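So this one's input_0.pdb, PDB, C-alpha atoms:
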```pdb
ATOM      1  CA  MET A   1     -33.657 -22.605  35.509
ATOM      2  CA  PRO A   2     -32.759 -25.215  32.877
ATOM      3  CA  GLY A   3     -31.600 -23.487  29.737
ATOM      4  CA  SER A   4     -30.414 -20.423  31.654
ATOM      5  CA  ASP A   5     -27.392 -18.547  30.312
ATOM      6  CA  SER A   6     -25.975 -18.675  33.852
ATOM      7  CA  PRO A   7     -26.600 -22.158  35.282
ATOM      8  CA  LEU A   8     -26.518 -22.384  39.098
ATOM      9  CA  GLU A   9     -26.529 -18.590  39.368
ATOM     10  CA  SER A  10     -28.974 -18.668  42.296
ATOM     11  CA  VAL A  11     -27.159 -21.407  44.229
ATOM     12  CA  VAL A  12     -25.475 -20.386  47.481
ATOM     13  CA  LEU A  13     -22.264 -22.401  47.598
ATOM     14  CA  ASP A  14     -22.166 -22.445  51.403
ATOM     15  CA  ASP A  15     -25.658 -23.915  51.548
ATOM     16  CA  VAL A  16     -25.972 -26.479  48.772
ATOM     17  CA  ALA A  17     -29.005 -28.754  49.103
ATOM     18  CA  PRO A  18     -28.807 -31.656  46.617
ATOM     19  CA  GLU A  19     -32.557 -31.996  46.283
ATOM     20  CA  THR A  20     -32.918 -28.380  45.151
ATOM     21  CA  ILE A  21     -30.384 -28.455  42.295
ATOM     22  CA  PRO A  22     -31.466 -29.976  38.978
ATOM     23  CA  THR A  23     -28.920 -32.395  37.557
ATOM     24  CA  ASP A  24     -29.074 -30.759  34.140
ATOM     25  CA  GLU A  25     -28.156 -27.400  35.691
ATOM     26  CA  ILE A  26     -24.950 -28.816  37.130
ATOM     27  CA  ARG A  27     -24.041 -30.519  33.884
ATOM     28  CA  ALA A  28     -24.815 -27.360  31.909
ATOM     29  CA  ALA A  29     -22.567 -25.361  34.220
ATOM     30  CA  LEU A  30     -19.674 -27.800  33.850
ATOM     31  CA  GLU A  31     -20.013 -27.654  30.066
ATOM     32  CA  SER A  32     -20.499 -23.878  29.841
ATOM     33  CA  GLU A  33     -18.347 -21.780  27.521
ATOM     34  CA  ARG A  34     -17.679 -19.376  30.410
ATOM     35  CA  SER A  35     -14.913 -20.353  32.812
ATOM     36  CA  LEU A  36     -16.612 -18.662  35.778
ATOM     37  CA  VAL A  37     -19.699 -20.786  35.227
ATOM     38  CA  ARG A  38     -17.616 -23.964  34.850
ATOM     39  CA  GLN A  39     -15.856 -23.065  38.069
ATOM     40  CA  ARG A  40     -19.201 -22.628  39.795
ATOM     41  CA  GLY A  41     -20.337 -26.024  38.536
ATOM     42  CA  ALA A  42     -17.187 -27.629  39.914
ATOM     43  CA  HIS A  43     -17.633 -25.833  43.251
ATOM     44  CA  VAL A  44     -21.182 -27.148  43.512
ATOM     45  CA  CYS A  45     -19.833 -30.662  42.923
ATOM     46  CA  VAL A  46     -17.313 -30.161  45.730
ATOM     47  CA  ALA A  47     -20.112 -29.048  48.055
ATOM     48  CA  LEU A  48     -22.286 -32.006  47.072
ATOM     49  CA  ALA A  49     -19.411 -34.445  47.580
ATOM     50  CA  GLU A  50     -18.760 -33.111  51.062
ATOM     51  CA  ASP A  51     -22.315 -34.105  51.986
ATOM     52  CA  ASP A  52     -22.338 -37.403  50.064
ATOM     53  CA  PRO A  53     -19.721 -38.319  47.433
ATOM     54  CA  ALA A  54     -22.281 -40.467  45.624
ATOM     55  CA  GLU A  55     -24.124 -37.273  44.650
ATOM     56  CA  ILE A  56     -21.503 -36.429  42.021
ATOM     57  CA  ARG A  57     -21.358 -39.811  40.283
ATOM     58  CA  PRO A  58     -23.624 -38.558  37.468
ATOM     59  CA  PHE A  59     -21.037 -35.835  36.723
ATOM     60  CA  VAL A  60     -17.853 -37.919  36.683
ATOM     61  CA  GLU A  61     -17.457 -37.730  32.908
ATOM     62  CA  ALA A  62     -17.950 -33.954  32.879
ATOM     63  CA  LEU A  63     -15.548 -33.532  35.793
ATOM     64  CA  GLY A  64     -13.017 -35.719  33.982
ATOM     65  CA  ALA A  65     -13.241 -33.427  30.959
ATOM     66  CA  ALA A  66     -12.770 -30.456  33.300
ATOM     67  CA  LEU A  67      -9.389 -31.856  34.336
ATOM     68  CA  HIS A  68      -7.951 -30.507  31.091
ATOM     69  CA  ASP A  69      -9.805 -27.205  31.157
ATOM     70  CA  ASP A  70      -7.707 -24.209  30.106
ATOM     71  CA  ASN A  71      -8.552 -22.524  33.429
ATOM     72  CA  ALA A  72      -6.382 -23.821  36.272
ATOM     73  CA  GLY A  73      -9.005 -22.942  38.878
ATOM     74  CA  VAL A  74     -11.599 -25.111  37.161
ATOM     75  CA  VAL A  75      -9.114 -27.978  36.961
ATOM     76  CA  GLN A  76      -8.157 -27.754  40.625
ATOM     77  CA  THR A  77     -11.767 -27.598  41.791
ATOM     78  CA  ALA A  78     -12.823 -30.509  39.582
ATOM     79  CA  ALA A  79      -9.922 -32.547  40.949
ATOM     80  CA  SER A  80     -11.009 -31.736  44.511
ATOM     81  CA  ALA A  81     -14.516 -32.989  43.799
ATOM     82  CA  LEU A  82     -13.193 -36.192  42.265
ATOM     83  CA  GLN A  83     -10.823 -36.728  45.191
ATOM     84  CA  SER A  84     -13.821 -36.926  47.510
ATOM     85  CA  LEU A  85     -15.355 -39.554  45.252
ATOM     86  CA  VAL A  86     -12.234 -41.665  44.782
ATOM     87  CA  ASP A  87     -11.853 -41.899  48.546
ATOM     88  CA  ASP A  88     -15.432 -43.198  48.722
ATOM     89  CA  ASP A  89     -15.662 -45.373  45.586
ATOM     90  CA  ALA A  90     -12.584 -45.649  43.366
ATOM     91  CA  SER A  91     -14.494 -47.691  40.800
ATOM     92  CA  ALA A  92     -16.451 -44.569  39.853
ATOM     93  CA  LEU A  93     -13.308 -43.119  38.235
ATOM     94  CA  ALA A  94     -12.466 -46.136  36.080
ATOM     95  CA  ASP A  95     -13.781 -44.500  32.908
ATOM     96  CA  ILE A  96     -11.767 -41.291  33.322
ATOM     97  CA  VAL A  97      -8.297 -42.617  34.131
ATOM     98  CA  ASP A  98      -7.137 -41.302  30.740
ATOM     99  CA  ASP A  99      -8.265 -37.803  31.734
ATOM    100  CA  ILE A 100      -6.511 -38.125  35.080
ATOM    101  CA  ALA A 101      -3.321 -39.356  33.429
ATOM    102  CA  LEU A 102      -3.345 -36.277  31.194
ATOM    103  CA  LEU A 103      -3.527 -34.120  34.308
ATOM    104  CA  THR A 104      -0.271 -35.618  35.586
ATOM    105  CA  GLY A 105       1.415 -33.854  32.660
ATOM    106  CA  ALA A 106      -0.114 -30.436  33.378
ATOM    107  CA  PRO A 107       2.215 -27.410  33.220
ATOM    108  CA  LEU A 108       1.603 -26.444  36.872
ATOM    109  CA  PRO A 109       3.165 -28.651  39.576
ATOM    110  CA  ASP A 110       0.156 -28.442  41.910
ATOM    111  CA  LEU A 111      -2.093 -29.742  39.130
ATOM    112  CA  ARG A 112       0.318 -32.578  38.351
ATOM    113  CA  LEU A 113       0.221 -33.493  42.026
ATOM    114  CA  ALA A 114      -3.585 -33.411  42.021
ATOM    115  CA  GLY A 115      -3.598 -35.865  39.118
ATOM    116  CA  ALA A 116      -1.098 -38.128  40.858
ATOM    117  CA  GLU A 117      -3.206 -38.109  44.023
ATOM    118  CA  LEU A 118      -6.297 -39.137  42.069
ATOM    119  CA  LEU A 119      -4.513 -42.008  40.328
ATOM    120  CA  ALA A 120      -3.006 -43.127  43.615
ATOM    121  CA  GLY A 121      -6.508 -43.185  45.076
ATOM    122  CA  VAL A 122      -7.706 -45.430  42.270
ATOM    123  CA  ALA A 123      -4.657 -47.700  42.493
ATOM    124  CA  ARG A 124      -4.993 -48.244  46.234
ATOM    125  CA  SER A 125      -8.059 -50.434  45.755
ATOM    126  CA  ARG A 126      -8.269 -50.996  41.978
ATOM    127  CA  PRO A 127      -4.747 -50.987  40.492
ATOM    128  CA  ALA A 128      -5.884 -52.833  37.375
ATOM    129  CA  ASP A 129      -7.976 -49.797  36.408
ATOM    130  CA  CYS A 130      -4.720 -47.865  35.983
ATOM    131  CA  ALA A 131      -3.109 -50.451  33.704
ATOM    132  CA  PRO A 132      -4.113 -48.661  30.462
ATOM    133  CA  VAL A 133      -2.181 -45.519  31.439
ATOM    134  CA  VAL A 134       1.046 -47.093  32.724
ATOM    135  CA  GLY A 135       2.877 -46.025  29.563
ATOM    136  CA  ASP A 136       1.851 -42.408  30.144
ATOM    137  CA  LEU A 137       2.982 -42.580  33.759
ATOM    138  CA  LEU A 138       6.367 -43.994  32.784
ATOM    139  CA  ASP A 139       6.759 -41.099  30.354
ATOM    140  CA  ARG A 140       6.074 -38.684  33.224
ATOM    141  CA  LEU A 141       8.609 -40.419  35.439
ATOM    142  CA  GLY A 142      11.192 -40.181  32.684
ATOM    143  CA  GLU A 143      10.858 -36.415  32.351
ATOM    144  CA  PRO A 144      13.676 -34.266  33.804
ATOM    145  CA  ARG A 145      12.840 -33.091  37.301
ATOM    146  CA  ALA A 146      13.335 -29.568  38.582
ATOM    147  CA  THR A 147      16.208 -29.198  41.026
ATOM    148  CA  ALA A 148      17.484 -26.453  43.294
ATOM    149  CA  ASP A 149      20.118 -25.750  40.651
ATOM    150  CA  THR A 150      17.514 -25.127  37.950
ATOM    151  CA  ASP A 151      17.721 -21.518  36.799
ATOM    152  CA  SER A 152      14.604 -19.418  37.416
ATOM    153  CA  PHE A 153      13.514 -15.813  37.217
ATOM    154  CA  GLY A 154      13.829 -15.583  41.001
ATOM    155  CA  ALA A 155      17.605 -15.842  40.817
ATOM    156  CA  HIS A 156      17.711 -12.615  38.798
ATOM    157  CA  ALA A 157      15.000 -10.595  40.579
ATOM    158  CA  ALA A 158      16.303  -7.284  41.911
ATOM    159  CA  ASN A 159      13.685  -6.898  44.652
ATOM    160  CA  ARG A 160      14.478  -9.061  47.697
ATOM    161  CA  GLU A 161      10.842  -9.779  48.557
ATOM    162  CA  THR A 162      10.067 -10.699  44.967
ATOM    163  CA  LYS A 163      13.120 -12.933  44.832
ATOM    164  CA  GLU A 164      12.145 -14.700  48.071
ATOM    165  CA  ALA A 165       8.555 -15.169  46.917
ATOM    166  CA  ILE A 166       9.662 -16.690  43.621
ATOM    167  CA  GLN A 167      12.207 -18.919  45.326
ATOM    168  CA  GLN A 168       9.532 -20.094  47.776
ATOM    169  CA  ARG A 169       7.251 -20.894  44.853
ATOM    170  CA  ASP A 170      10.076 -22.816  43.186
ATOM    171  CA  ARG A 171      10.700 -24.809  46.384
ATOM    172  CA  GLU A 172       7.017 -25.664  46.619
ATOM    173  CA  GLY A 173       7.006 -26.677  42.966
ATOM    174  CA  ARG A 174       9.936 -29.044  43.514
ATOM    175  CA  GLU A 175       8.214 -30.556  46.552
ATOM    176  CA  TYR A 176       4.985 -31.025  44.595
ATOM    177  CA  GLY A 177       7.023 -32.673  41.858
ATOM    178  CA  ARG A 178       8.747 -35.013  44.307
ATOM    179  CA  ARG A 179       5.434 -36.042  45.850
ATOM    180  CA  ALA A 180       3.870 -36.560  42.426
ATOM    181  CA  ARG A 181       6.788 -38.781  41.321
ATOM    182  CA  GLN A 182       6.454 -40.816  44.498
ATOM    183  CA  LEU A 183       2.728 -41.318  43.979
ATOM    184  CA  LEU A 184       3.069 -42.171  40.291
ATOM    185  CA  SER A 185       5.872 -44.588  41.151
ATOM    186  CA  ASN A 186       3.575 -46.262  43.665
ATOM    187  CA  VAL A 187       0.850 -46.551  41.028
ATOM    188  CA  VAL A 188       3.216 -48.179  38.529
ATOM    189  CA  VAL A 189       4.382 -50.714  41.117
ATOM    190  CA  ALA A 190       0.815 -51.459  42.224
ATOM    191  CA  VAL A 191      -0.232 -52.117  38.631
ATOM    192  CA  ALA A 192       2.823 -54.310  37.994
ATOM    193  CA  GLU A 193       2.071 -56.389  41.064
ATOM    194  CA  GLU A 194      -1.592 -56.756  40.102
ATOM    195  CA  ARG A 195      -0.998 -57.241  36.366
ATOM    196  CA  PRO A 196       2.601 -58.480  35.857
ATOM    197  CA  ALA A 197       2.005 -58.889  32.121
ATOM    198  CA  VAL A 198       2.003 -55.090  31.856
ATOM    199  CA  VAL A 199       5.737 -55.133  32.588
ATOM    200  CA  GLY A 200       6.405 -56.951  29.334
ATOM    201  CA  ASP A 201       4.744 -54.143  27.393
ATOM    202  CA  HIS A 202       7.087 -51.557  28.913
ATOM    203  CA  VAL A 203      10.193 -53.525  29.847
ATOM    204  CA  GLU A 204      12.623 -51.353  27.858
ATOM    205  CA  THR A 205      11.292 -48.146  29.402
ATOM    206  CA  LEU A 206      11.437 -49.674  32.872
ATOM    207  CA  GLY A 207      15.007 -50.710  32.193
ATOM    208  CA  GLU A 208      15.904 -47.127  31.315
ATOM    209  CA  LEU A 209      14.184 -45.792  34.437
ATOM    210  CA  ALA A 210      16.022 -48.361  36.561
ATOM    211  CA  ALA A 211      19.240 -46.589  35.530
ATOM    212  CA  THR A 212      18.114 -43.031  36.294
ATOM    213  CA  ASP A 213      19.666 -40.955  39.063
ATOM    214  CA  ASP A 214      16.273 -40.317  40.684
ATOM    215  CA  GLU A 215      16.158 -42.679  43.666
ATOM    216  CA  ILE A 216      12.348 -42.708  43.807
ATOM    217  CA  VAL A 217      11.929 -43.575  40.142
ATOM    218  CA  ARG A 218      14.845 -45.995  40.062
ATOM    219  CA  GLY A 219      13.514 -47.963  43.013
ATOM    220  CA  ALA A 220      10.016 -48.130  41.552
ATOM    221  CA  ALA A 221      11.316 -49.351  38.196
ATOM    222  CA  LEU A 222      13.267 -52.125  39.910
ATOM    223  CA  ASP A 223      10.172 -53.065  41.923
ATOM    224  CA  ALA A 224       8.045 -53.207  38.776
ATOM    225  CA  LEU A 225      10.661 -55.326  36.995
ATOM    226  CA  HIS A 226      10.736 -57.623  40.022
ATOM    227  CA  ALA A 227       6.963 -58.073  39.782
ATOM    228  CA  GLY A 228       7.305 -58.917  36.101
ATOM    229  CA  ALA A 229      10.191 -61.307  36.748
ATOM    230  CA  GLN A 230       8.175 -63.231  39.297
ATOM    231  CA  GLU A 231       5.641 -63.922  36.583
ATOM    232  CA  SER A 232       8.164 -64.450  33.768
ATOM    233  CA  PRO A 233      11.933 -64.075  34.315
ATOM    234  CA  GLU A 234      12.496 -64.263  30.561
ATOM    235  CA  THR A 235      10.473 -61.088  30.062
ATOM    236  CA  VAL A 236      12.821 -59.068  32.248
ATOM    237  CA  ARG A 237      16.138 -60.735  31.380
ATOM    238  CA  PRO A 238      16.890 -58.330  28.455
ATOM    239  CA  VAL A 239      17.241 -55.435  30.923
ATOM    240  CA  ALA A 240      18.879 -57.356  33.767
ATOM    241  CA  GLU A 241      22.132 -55.408  33.330
ATOM    242  CA  THR A 242      20.377 -52.347  34.740
ATOM    243  CA  ALA A 243      20.018 -54.271  37.997
ATOM    244  CA  VAL A 244      23.731 -55.055  37.932
ATOM    245  CA  SER A 245      24.476 -51.346  37.477
ATOM    246  CA  ALA A 246      22.175 -50.546  40.397
ATOM    247  CA  LEU A 247      24.343 -52.654  42.706
ATOM    248  CA  ASP A 248      26.609 -49.584  42.902
ATOM    249  CA  ALA A 249      23.797 -47.134  43.695
ATOM    250  CA  ASP A 250      24.301 -44.728  46.585
ATOM    251  CA  ALA A 251      20.958 -45.605  48.189
ATOM    252  CA  SER A 252      20.985 -48.931  50.015
ATOM    253  CA  VAL A 253      17.295 -49.453  49.260
ATOM    254  CA  VAL A 254      18.079 -49.345  45.536
ATOM    255  CA  ARG A 255      20.937 -51.830  45.936
ATOM    256  CA  ALA A 256      18.629 -54.155  47.885
ATOM    257  CA  ARG A 257      15.991 -54.024  45.162
ATOM    258  CA  ALA A 258      18.613 -54.760  42.520
ATOM    259  CA  ILE A 259      19.827 -57.807  44.443
ATOM    260  CA  ARG A 260      16.278 -59.047  44.867
ATOM    261  CA  LEU A 261      15.600 -58.662  41.141
ATOM    262  CA  LEU A 262      18.733 -60.585  40.157
ATOM    263  CA  GLY A 263      17.707 -63.380  42.497
ATOM    264  CA  VAL A 264      14.317 -63.702  40.832
ATOM    265  CA  ILE A 265      15.792 -63.583  37.312
ATOM    266  CA  GLY A 266      17.857 -66.548  38.463
ATOM    267  CA  ASP A 267      20.868 -66.299  36.155
ATOM    268  CA  GLU A 268      24.059 -67.803  37.606
ATOM    269  CA  GLY A 269      26.025 -65.350  35.512
ATOM    270  CA  TYR A 270      25.354 -62.659  38.113
ATOM    271  CA  VAL A 271      26.955 -64.559  40.998
ATOM    272  CA  GLU A 272      30.304 -62.795  40.601
ATOM    273  CA  ALA A 273      28.708 -59.335  40.766
ATOM    274  CA  LEU A 274      26.732 -60.322  43.854
ATOM    275  CA  GLU A 275      29.808 -61.768  45.546
ATOM    276  CA  ALA A 276      31.611 -58.480  44.936
ATOM    277  CA  VAL A 277      28.791 -56.654  46.718
ATOM    278  CA  ALA A 278      28.921 -59.163  49.563
ATOM    279  CA  ALA A 279      32.641 -58.522  49.962
ATOM    280  CA  THR A 280      32.664 -54.735  49.688
ATOM    281  CA  ASP A 281      29.292 -53.223  50.651
ATOM    282  CA  GLU A 282      29.558 -51.168  53.837
ATOM    283  CA  ASP A 283      25.968 -52.011  54.785
ATOM    284  CA  ASP A 284      26.120 -55.364  56.566
ATOM    285  CA  GLU A 285      22.521 -56.218  55.723
ATOM    286  CA  ILE A 286      23.065 -55.528  52.032
ATOM    287  CA  ALA A 287      26.281 -57.563  52.054
ATOM    288  CA  ALA A 288      24.509 -60.492  53.716
ATOM    289  CA  PHE A 289      21.591 -60.273  51.283
ATOM    290  CA  ALA A 290      23.992 -60.298  48.330
ATOM    291  CA  GLU A 291      25.812 -63.353  49.702
ATOM    292  CA  GLU A 292      22.533 -65.209  50.298
ATOM    293  CA  THR A 293      21.360 -64.410  46.782
ATOM    294  CA  ALA A 294      24.672 -65.483  45.248
ATOM    295  CA  ALA A 295      24.474 -68.773  47.164
ATOM    296  CA  PHE A 296      20.920 -69.277  45.923
ATOM    297  CA  LEU A 297      21.998 -68.760  42.307
ATOM    298  CA  ARG A 298      24.967 -71.130  42.711
ATOM    299  CA  ALA A 299      22.773 -73.902  44.124
TER     300      ALA A 299
END
```

Rewrite the structure from the file as structure tokens, please.
Amino acid sequence: MPGSDSPLESVVLDDVAPETIPTDEIRAALESERSLVRQRGAHVCVALAEDDPAEIRPFVEALGAALHDDNAGVVQTAASALQSLVDDDASALADIVDDIALLTGAPLPDLRLAGAELLAGVARSRPADCAPVVGDLLDRLGEPRATADTDSFGAHAANRETKEAIQQRDREGREYGRRARQLLSNVVVAVAEERPAVVGDHVETLGELAATDDEIVRGAALDALHAGAQESPETVRPVAETAVSALDADASVVRARAIRLLGVIGDEGYVEALEAVAATDEDDEIAAFAEETAAFLRA
């Protein structure tokens, strides 16, 4: 079978026995010029991973390359195989985090979500492995998000069923995007908490994201800045005004994070702004937190 023009052609996907499939056949399939063969190789990896995720460790590099295949089906299947592995041993994906980060910028929202899920899996147990791609993730979080007001073909479709189908697809796309932003935000915060020095490399970008109107992204940026400030307040001080601006945010969780950040930065110059929050915020807990933080800075 090695050297065949159609690697894995004789394999029954519903009955994959690891001991009967030569490693070079799987690798040849994943690297084939034919998308159907690459898809078959990825499917075999999924089947192997269901039995024992360790079985696909030899193919991690090839599966990582498949994450930017020009065939969406190949990409999705490769991501599924890798998801089984990351849940079992996140360290196995350390060498392909760049490939995964590229996937988070894919044109299709379900593929972006698949990439975010993989990175989140790595970051849960090994956040430092994601440190090299934090800049890429911040770029993703800074991209405009689709909203219900975004114009689409569905709004102009004459056929009602077609219009409803397109609108349903658009809703799903927005939900995938929201979930991906949440996961990527979690990854950024996890890395910042594990490696606070990373914040200094991206402090200006984090400052910009801390002023965005996306509550998920804004909160994560403030959390990451807080992690950096705990290590070195001076590193974060240049963007402290974004925390002051966030004191007026609609979401109480964002206001709370802004107060916490100002407390860690430790500049008495922010006492007046915190006292204003303490006097006017309709959320009693936020008002009390602002007063406590102002008192701490005055001390």

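With distances restricted to all atoms listed in the file, A:Leu8 is the closest residue to A:Gly41 from A:Leu8, A:Val60, A:Pro53, A:Gly207.
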
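As for atom CA of A:Arg124 and atom CA of A:Thr104, they are spaced 17.2 Å apart.
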
Exercise: stretch 265-274 of chain A partners within 7 Å, only C-alpha atoms, chain neighbours under 2 positions left out, as an mmCIF file with C-alpha atoms, in the coordinates of the input:
```cif
data_model
loop_
_atom_site.group_PDB
_atom_site.id
_atom_site.type_symbol
_atom_site.label_atom_id
_atom_site.label_comp_id
_atom_site.auth_asym_id
_atom_site.auth_seq_id
_atom_site.Cartn_x
_atom_site.Cartn_y
_atom_site.Cartn_z
ATOM 1 C CA ALA A 229 10.191 -61.307 36.748
ATOM 2 C CA PRO A 233 11.933 -64.075 34.315
ATOM 3 C CA ARG A 237 16.138 -60.735 31.380
ATOM 4 C CA LEU A 261 15.600 -58.662 41.141
ATOM 5 C CA LEU A 262 18.733 -60.585 40.157
ATOM 6 C CA GLY A 263 17.707 -63.380 42.497
ATOM 7 C CA ALA A 276 31.611 -58.480 44.936
ATOM 8 C CA VAL A 277 28.791 -56.654 46.718
ATOM 9 C CA ALA A 278 28.921 -59.163 49.563
ATOM 10 C CA ALA A 290 23.992 -60.298 48.330
ATOM 11 C CA GLU A 291 25.812 -63.353 49.702
ATOM 12 C CA ALA A 294 24.672 -65.483 45.248
ATOM 13 C CA LEU A 297 21.998 -68.760 42.307
ATOM 14 C CA ARG A 298 24.967 -71.130 42.711
#
```

Specify as a ChimeraX atom specification each residue included when the PyMOL selection byres ((chain A and resi 227) around 6) is applied to this file. /A:192-193,196,224-226,228-230

Non-local contacts of A:Ala65 (12 Å; all atoms listed in the file; under 2 positions in same chain excluded) as a PyMOL selection string: chain A and resi 27+30-31+38+42+59-63+67-70+74-75+78-79+82+95-103

Selected by the PyMOL selection byres ((chain A and resi 222) around 10) in the shown coordinates: which residues, as a list in words? Val189, Leu206, Gly207, Leu209, Ala210, Ala211, Val217, Arg218, Gly219, Ala220, Ala221, Asp223, Ala224, Leu225, His226, Ala227, Gly228, Ala240, Thr242, Ala243, Ala246, Val254, Arg255, Ala256, Arg257, Ala258, Ile259, Arg260 and Leu261 of chain A

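Between atom CA of A:Ala288 and atom CA of A:Asp213 lies a distance of 24.9 Å.
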
Top pick for closest residue to A:Asn71, considering A:Ala249, A:Val37, A:Val264, A:Val133 and counting only C-alpha atoms: A:Val37

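For the pair atom CA of A:Gly121 and atom CA of A:Gln83, the separation is 7.8 Å.
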
Given the file above and the PyMOL selection byres ((chain A and resi 178-188) around 9), which residues are selected, and can you give them as a PDB file with C-alpha atoms, in the coordinates of the input?
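After the write, part05.pdb holds the following:
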```pdb
ATOM      1  CA  THR A 104      -0.271 -35.618  35.586  1.00  0.00           C
ATOM      2  CA  PRO A 109       3.165 -28.651  39.576  1.00  0.00           C
ATOM      3  CA  ASP A 110       0.156 -28.442  41.910  1.00  0.00           C
ATOM      4  CA  ARG A 112       0.318 -32.578  38.351  1.00  0.00           C
ATOM      5  CA  LEU A 113       0.221 -33.493  42.026  1.00  0.00           C
ATOM      6  CA  ALA A 114      -3.585 -33.411  42.021  1.00  0.00           C
ATOM      7  CA  GLY A 115      -3.598 -35.865  39.118  1.00  0.00           C
ATOM      8  CA  ALA A 116      -1.098 -38.128  40.858  1.00  0.00           C
ATOM      9  CA  GLU A 117      -3.206 -38.109  44.023  1.00  0.00           C
ATOM     10  CA  LEU A 119      -4.513 -42.008  40.328  1.00  0.00           C
ATOM     11  CA  ALA A 120      -3.006 -43.127  43.615  1.00  0.00           C
ATOM     12  CA  VAL A 122      -7.706 -45.430  42.270  1.00  0.00           C
ATOM     13  CA  ALA A 123      -4.657 -47.700  42.493  1.00  0.00           C
ATOM     14  CA  ARG A 124      -4.993 -48.244  46.234  1.00  0.00           C
ATOM     15  CA  PRO A 127      -4.747 -50.987  40.492  1.00  0.00           C
ATOM     16  CA  CYS A 130      -4.720 -47.865  35.983  1.00  0.00           C
ATOM     17  CA  ALA A 131      -3.109 -50.451  33.704  1.00  0.00           C
ATOM     18  CA  VAL A 134       1.046 -47.093  32.724  1.00  0.00           C
ATOM     19  CA  LEU A 137       2.982 -42.580  33.759  1.00  0.00           C
ATOM     20  CA  LEU A 138       6.367 -43.994  32.784  1.00  0.00           C
ATOM     21  CA  ARG A 140       6.074 -38.684  33.224  1.00  0.00           C
ATOM     22  CA  LEU A 141       8.609 -40.419  35.439  1.00  0.00           C
ATOM     23  CA  ARG A 145      12.840 -33.091  37.301  1.00  0.00           C
ATOM     24  CA  GLY A 173       7.006 -26.677  42.966  1.00  0.00           C
ATOM     25  CA  ARG A 174       9.936 -29.044  43.514  1.00  0.00           C
ATOM     26  CA  GLU A 175       8.214 -30.556  46.552  1.00  0.00           C
ATOM     27  CA  TYR A 176       4.985 -31.025  44.595  1.00  0.00           C
ATOM     28  CA  GLY A 177       7.023 -32.673  41.858  1.00  0.00           C
ATOM     29  CA  VAL A 189       4.382 -50.714  41.117  1.00  0.00           C
ATOM     30  CA  ALA A 190       0.815 -51.459  42.224  1.00  0.00           C
ATOM     31  CA  VAL A 191      -0.232 -52.117  38.631  1.00  0.00           C
ATOM     32  CA  ALA A 192       2.823 -54.310  37.994  1.00  0.00           C
ATOM     33  CA  GLU A 193       2.071 -56.389  41.064  1.00  0.00           C
ATOM     34  CA  ILE A 216      12.348 -42.708  43.807  1.00  0.00           C
ATOM     35  CA  VAL A 217      11.929 -43.575  40.142  1.00  0.00           C
ATOM     36  CA  GLY A 219      13.514 -47.963  43.013  1.00  0.00           C
ATOM     37  CA  ALA A 220      10.016 -48.130  41.552  1.00  0.00           C
ATOM     38  CA  ALA A 221      11.316 -49.351  38.196  1.00  0.00           C
ATOM     39  CA  ALA A 224       8.045 -53.207  38.776  1.00  0.00           C
TER      40      ALA A 224
END
```

Give me stretch 166-177 of chain A with N, CA and C atoms filled in, as a PDB file, keeping the file's coordinate frame.
```pdb
ATOM      1  N   ILE A 166       9.481 -15.801  44.770  1.00  0.00           N
ATOM      2  CA  ILE A 166       9.662 -16.690  43.621  1.00  0.00           C
ATOM      3  C   ILE A 166      10.423 -17.944  44.032  1.00  0.00           C
ATOM      4  N   GLN A 167      11.443 -17.758  44.875  1.00  0.00           N
ATOM      5  CA  GLN A 167      12.207 -18.919  45.326  1.00  0.00           C
ATOM      6  C   GLN A 167      11.348 -19.856  46.174  1.00  0.00           C
ATOM      7  N   GLN A 168      10.449 -19.273  46.991  1.00  0.00           N
ATOM      8  CA  GLN A 168       9.532 -20.094  47.776  1.00  0.00           C
ATOM      9  C   GLN A 168       8.594 -20.887  46.866  1.00  0.00           C
ATOM     10  N   ARG A 169       8.116 -20.215  45.820  1.00  0.00           N
ATOM     11  CA  ARG A 169       7.251 -20.894  44.853  1.00  0.00           C
ATOM     12  C   ARG A 169       8.002 -22.034  44.172  1.00  0.00           C
ATOM     13  N   ASP A 170       9.273 -21.781  43.832  1.00  0.00           N
ATOM     14  CA  ASP A 170      10.076 -22.816  43.186  1.00  0.00           C
ATOM     15  C   ASP A 170      10.286 -24.008  44.121  1.00  0.00           C
ATOM     16  N   ARG A 171      10.522 -23.716  45.412  1.00  0.00           N
ATOM     17  CA  ARG A 171      10.700 -24.809  46.384  1.00  0.00           C
ATOM     18  C   ARG A 171       9.427 -25.643  46.494  1.00  0.00           C
ATOM     19  N   GLU A 172       8.290 -24.955  46.544  1.00  0.00           N
ATOM     20  CA  GLU A 172       7.017 -25.664  46.619  1.00  0.00           C
ATOM     21  C   GLU A 172       6.797 -26.509  45.366  1.00  0.00           C
ATOM     22  N   GLY A 173       7.155 -25.940  44.214  1.00  0.00           N
ATOM     23  CA  GLY A 173       7.006 -26.677  42.966  1.00  0.00           C
ATOM     24  C   GLY A 173       7.845 -27.944  42.953  1.00  0.00           C
ATOM     25  N   ARG A 174       9.078 -27.852  43.456  1.00  0.00           N
ATOM     26  CA  ARG A 174       9.936 -29.044  43.514  1.00  0.00           C
ATOM     27  C   ARG A 174       9.362 -30.086  44.468  1.00  0.00           C
ATOM     28  N   GLU A 175       8.809 -29.621  45.598  1.00  0.00           N
ATOM     29  CA  GLU A 175       8.214 -30.556  46.552  1.00  0.00           C
ATOM     30  C   GLU A 175       6.975 -31.222  45.962  1.00  0.00           C
ATOM     31  N   TYR A 176       6.152 -30.436  45.272  1.00  0.00           N
ATOM     32  CA  TYR A 176       4.985 -31.025  44.595  1.00  0.00           C
ATOM     33  C   TYR A 176       5.441 -32.074  43.578  1.00  0.00           C
ATOM     34  N   GLY A 177       6.508 -31.743  42.855  1.00  0.00           N
ATOM     35  CA  GLY A 177       7.023 -32.673  41.858  1.00  0.00           C
ATOM     36  C   GLY A 177       7.529 -33.957  42.491  1.00  0.00           C
TER      37      GLY A 177
END
```
